[in-house]
Amino acid sequence: LSKWFNHWQLLDGANYACFITFIIMRVNIIRTILDRPVVVPTNEYKTVFQEVDNMTRQQLTVNFFSILLCIFRFFKYYEFQPRLQIVNKTMGSSMVHLYHFCLIFSVIFIGFAFAAHINFGSSVRDFSTLGHSAQALWESL
């Protein structure tokens, strides 16, 4: 039973779930566009554009996680070769330290984003929301 439910299988399953979610979301976008066509030129505001934009943004988020999982899947294929397996062993032995680094980095980063939003949010567009502040700080790294 442990042969079927190891961490690599869970990673593959999550990646396949992202692929399936992407396909379903794309079909929903196409169906939304085909169900409510926009005849141009028009003088009225159509909400279909906002809905398709929101669905596309959600699809990009799913794509981000899918690509991230694909990158992690590279480590699965490093196990066959002894020299590349050193990378897996090093990552495995340093996982606790990497976890704590990511945790502390996230807390400090969100703190700086929050401080930038409070200090500069009313005057600078890049810091007008907490999400924009985090994006501006991330881009400045």
# chains A, B, ... in the order shown; residues from 1 in each chain; ligands from 1

$ residues_around --residues "region 44-50 of chain A" --least-positions-apart "5" --cutoff "9 Å" --atoms "only C-alpha atoms" --output "ChimeraX atom specification"
/A:32-33,36-38,55

$ residues_around --residues "region 8-12 of chain A" --least-positions-apart "2" --cutoff "9 Å" --atoms "only C-alpha atoms" --output "VMD selection string"
chain A and resid 3 to 6 14 to 17 69 to 70 72 to 73 76

$ write_last_selection --atoms "all heavy atoms" --output "compact mmCIF listing (two decimals), in the first residue's frame"
# COMPACT_ATOMS: atom_id res chain seq x y z
N LYS A 3 3.54 1.58 -1.48
CA LYS A 3 4.08 1.72 -2.83
C LYS A 3 3.21 2.66 -3.66
O LYS A 3 3.71 3.41 -4.50
CB LYS A 3 4.16 0.34 -3.48
CG LYS A 3 4.56 0.36 -4.92
CD LYS A 3 4.51 -1.05 -5.49
CE LYS A 3 4.64 -1.00 -6.99
NZ LYS A 3 4.47 -2.33 -7.59
N TRP A 4 1.93 2.67 -3.43
CA TRP A 4 1.01 3.47 -4.21
C TRP A 4 0.78 4.88 -3.65
O TRP A 4 0.32 5.76 -4.35
CB TRP A 4 -0.33 2.77 -4.34
CG TRP A 4 -0.21 1.47 -5.07
CD1 TRP A 4 -0.22 0.23 -4.52
CD2 TRP A 4 -0.02 1.28 -6.47
NE1 TRP A 4 -0.06 -0.73 -5.49
CE2 TRP A 4 0.07 -0.10 -6.71
CE3 TRP A 4 0.09 2.15 -7.55
CZ2 TRP A 4 0.26 -0.63 -7.96
CZ3 TRP A 4 0.27 1.61 -8.80
CH2 TRP A 4 0.36 0.25 -9.01
N PHE A 5 1.09 5.06 -2.37
CA PHE A 5 0.79 6.34 -1.74
C PHE A 5 2.03 6.99 -1.16
O PHE A 5 2.03 7.45 -0.03
CB PHE A 5 -0.26 6.16 -0.64
CG PHE A 5 -1.60 5.77 -1.17
CD1 PHE A 5 -2.09 4.50 -0.95
CD2 PHE A 5 -2.36 6.66 -1.90
CE1 PHE A 5 -3.32 4.13 -1.45
CE2 PHE A 5 -3.59 6.30 -2.39
CZ PHE A 5 -4.07 5.03 -2.17
N ASN A 6 3.11 7.05 -1.93
CA ASN A 6 4.27 7.79 -1.46
C ASN A 6 4.16 9.25 -1.89
O ASN A 6 3.23 9.65 -2.59
CB ASN A 6 5.57 7.14 -1.96
CG ASN A 6 5.68 7.13 -3.46
OD1 ASN A 6 4.93 7.82 -4.15
ND2 ASN A 6 6.60 6.36 -3.98
N ALA A 14 -1.58 15.50 -7.65
CA ALA A 14 -1.91 16.92 -7.57
C ALA A 14 -1.65 17.62 -8.90
O ALA A 14 -2.43 18.48 -9.33
CB ALA A 14 -1.10 17.59 -6.46
N ASN A 15 -0.58 17.22 -9.58
CA ASN A 15 -0.27 17.81 -10.87
C ASN A 15 -1.33 17.45 -11.91
O ASN A 15 -1.78 18.29 -12.68
CB ASN A 15 1.11 17.36 -11.32
CG ASN A 15 1.71 18.29 -12.34
OD1 ASN A 15 1.12 19.30 -12.69
ND2 ASN A 15 2.88 17.96 -12.82
N TYR A 16 -1.75 16.19 -11.92
CA TYR A 16 -2.80 15.77 -12.85
C TYR A 16 -4.12 16.47 -12.53
O TYR A 16 -4.89 16.81 -13.44
CB TYR A 16 -2.98 14.26 -12.83
CG TYR A 16 -1.77 13.51 -13.35
CD1 TYR A 16 -1.38 12.31 -12.79
CD2 TYR A 16 -1.00 14.01 -14.40
CE1 TYR A 16 -0.27 11.62 -13.26
CE2 TYR A 16 0.10 13.34 -14.87
CZ TYR A 16 0.47 12.15 -14.30
OH TYR A 16 1.57 11.48 -14.76
N ALA A 17 -4.39 16.69 -11.25
CA ALA A 17 -5.60 17.42 -10.86
C ALA A 17 -5.56 18.85 -11.38
O ALA A 17 -6.57 19.39 -11.84
CB ALA A 17 -5.78 17.40 -9.35
N LEU A 69 4.43 22.46 -9.53
CA LEU A 69 4.44 21.02 -9.29
C LEU A 69 5.28 20.28 -10.34
O LEU A 69 5.96 19.30 -10.02
CB LEU A 69 3.02 20.47 -9.28
CG LEU A 69 2.17 20.88 -8.08
CD1 LEU A 69 0.74 20.40 -8.26
CD2 LEU A 69 2.74 20.33 -6.80
N CYS A 70 5.25 20.75 -11.58
CA CYS A 70 6.09 20.15 -12.62
C CYS A 70 7.57 20.32 -12.30
O CYS A 70 8.38 19.42 -12.54
CB CYS A 70 5.79 20.75 -13.98
SG CYS A 70 4.28 20.17 -14.73
N PHE A 72 8.84 20.54 -9.29
CA PHE A 72 9.14 19.60 -8.20
C PHE A 72 9.22 18.16 -8.70
O PHE A 72 9.91 17.34 -8.11
CB PHE A 72 8.10 19.70 -7.08
CG PHE A 72 8.24 20.94 -6.25
CD1 PHE A 72 7.12 21.64 -5.86
CD2 PHE A 72 9.47 21.42 -5.87
CE1 PHE A 72 7.23 22.79 -5.09
CE2 PHE A 72 9.61 22.56 -5.10
CZ PHE A 72 8.48 23.24 -4.72
N ARG A 73 8.53 17.87 -9.79
CA ARG A 73 8.58 16.52 -10.34
C ARG A 73 9.96 16.19 -10.92
O ARG A 73 10.30 15.02 -11.08
CB ARG A 73 7.51 16.33 -11.41
CG ARG A 73 6.12 16.22 -10.82
CD ARG A 73 5.07 16.12 -11.87
NE ARG A 73 5.19 14.86 -12.59
CZ ARG A 73 4.47 14.57 -13.64
NH1 ARG A 73 3.58 15.42 -14.10
NH2 ARG A 73 4.61 13.42 -14.25
N LYS A 76 11.91 13.88 -8.79
CA LYS A 76 11.55 12.47 -8.88
C LYS A 76 12.46 11.74 -9.86
O LYS A 76 12.86 10.60 -9.63
CB LYS A 76 10.09 12.35 -9.34
CG LYS A 76 9.61 10.95 -9.59
CD LYS A 76 8.18 10.98 -10.10
CE LYS A 76 7.68 9.60 -10.41
NZ LYS A 76 6.30 9.63 -10.92

$ select_by_dssp --residues "region 87-134 of chain A" --states "alpha helix (DSSP H)" --output "PyMOL selection string"
chain A and resi 87-93+95-120+130-134

$ closest_residue --among "A:Phe22, A:Asp126, A:Arg83, A:Leu141" --to "Arg57 (chain A)" --atoms "only C-alpha atoms"
A:Phe22

$ atom_distance --atom1 "CA of Arg26 (chain A)" --atom2 "CA of His7 (chain A)"
28.6 Å

$ atom_distance --atom1 "CA of Lys89 (chain A)" --atom2 "CA of Ser66 (chain A)"
24.0 Å
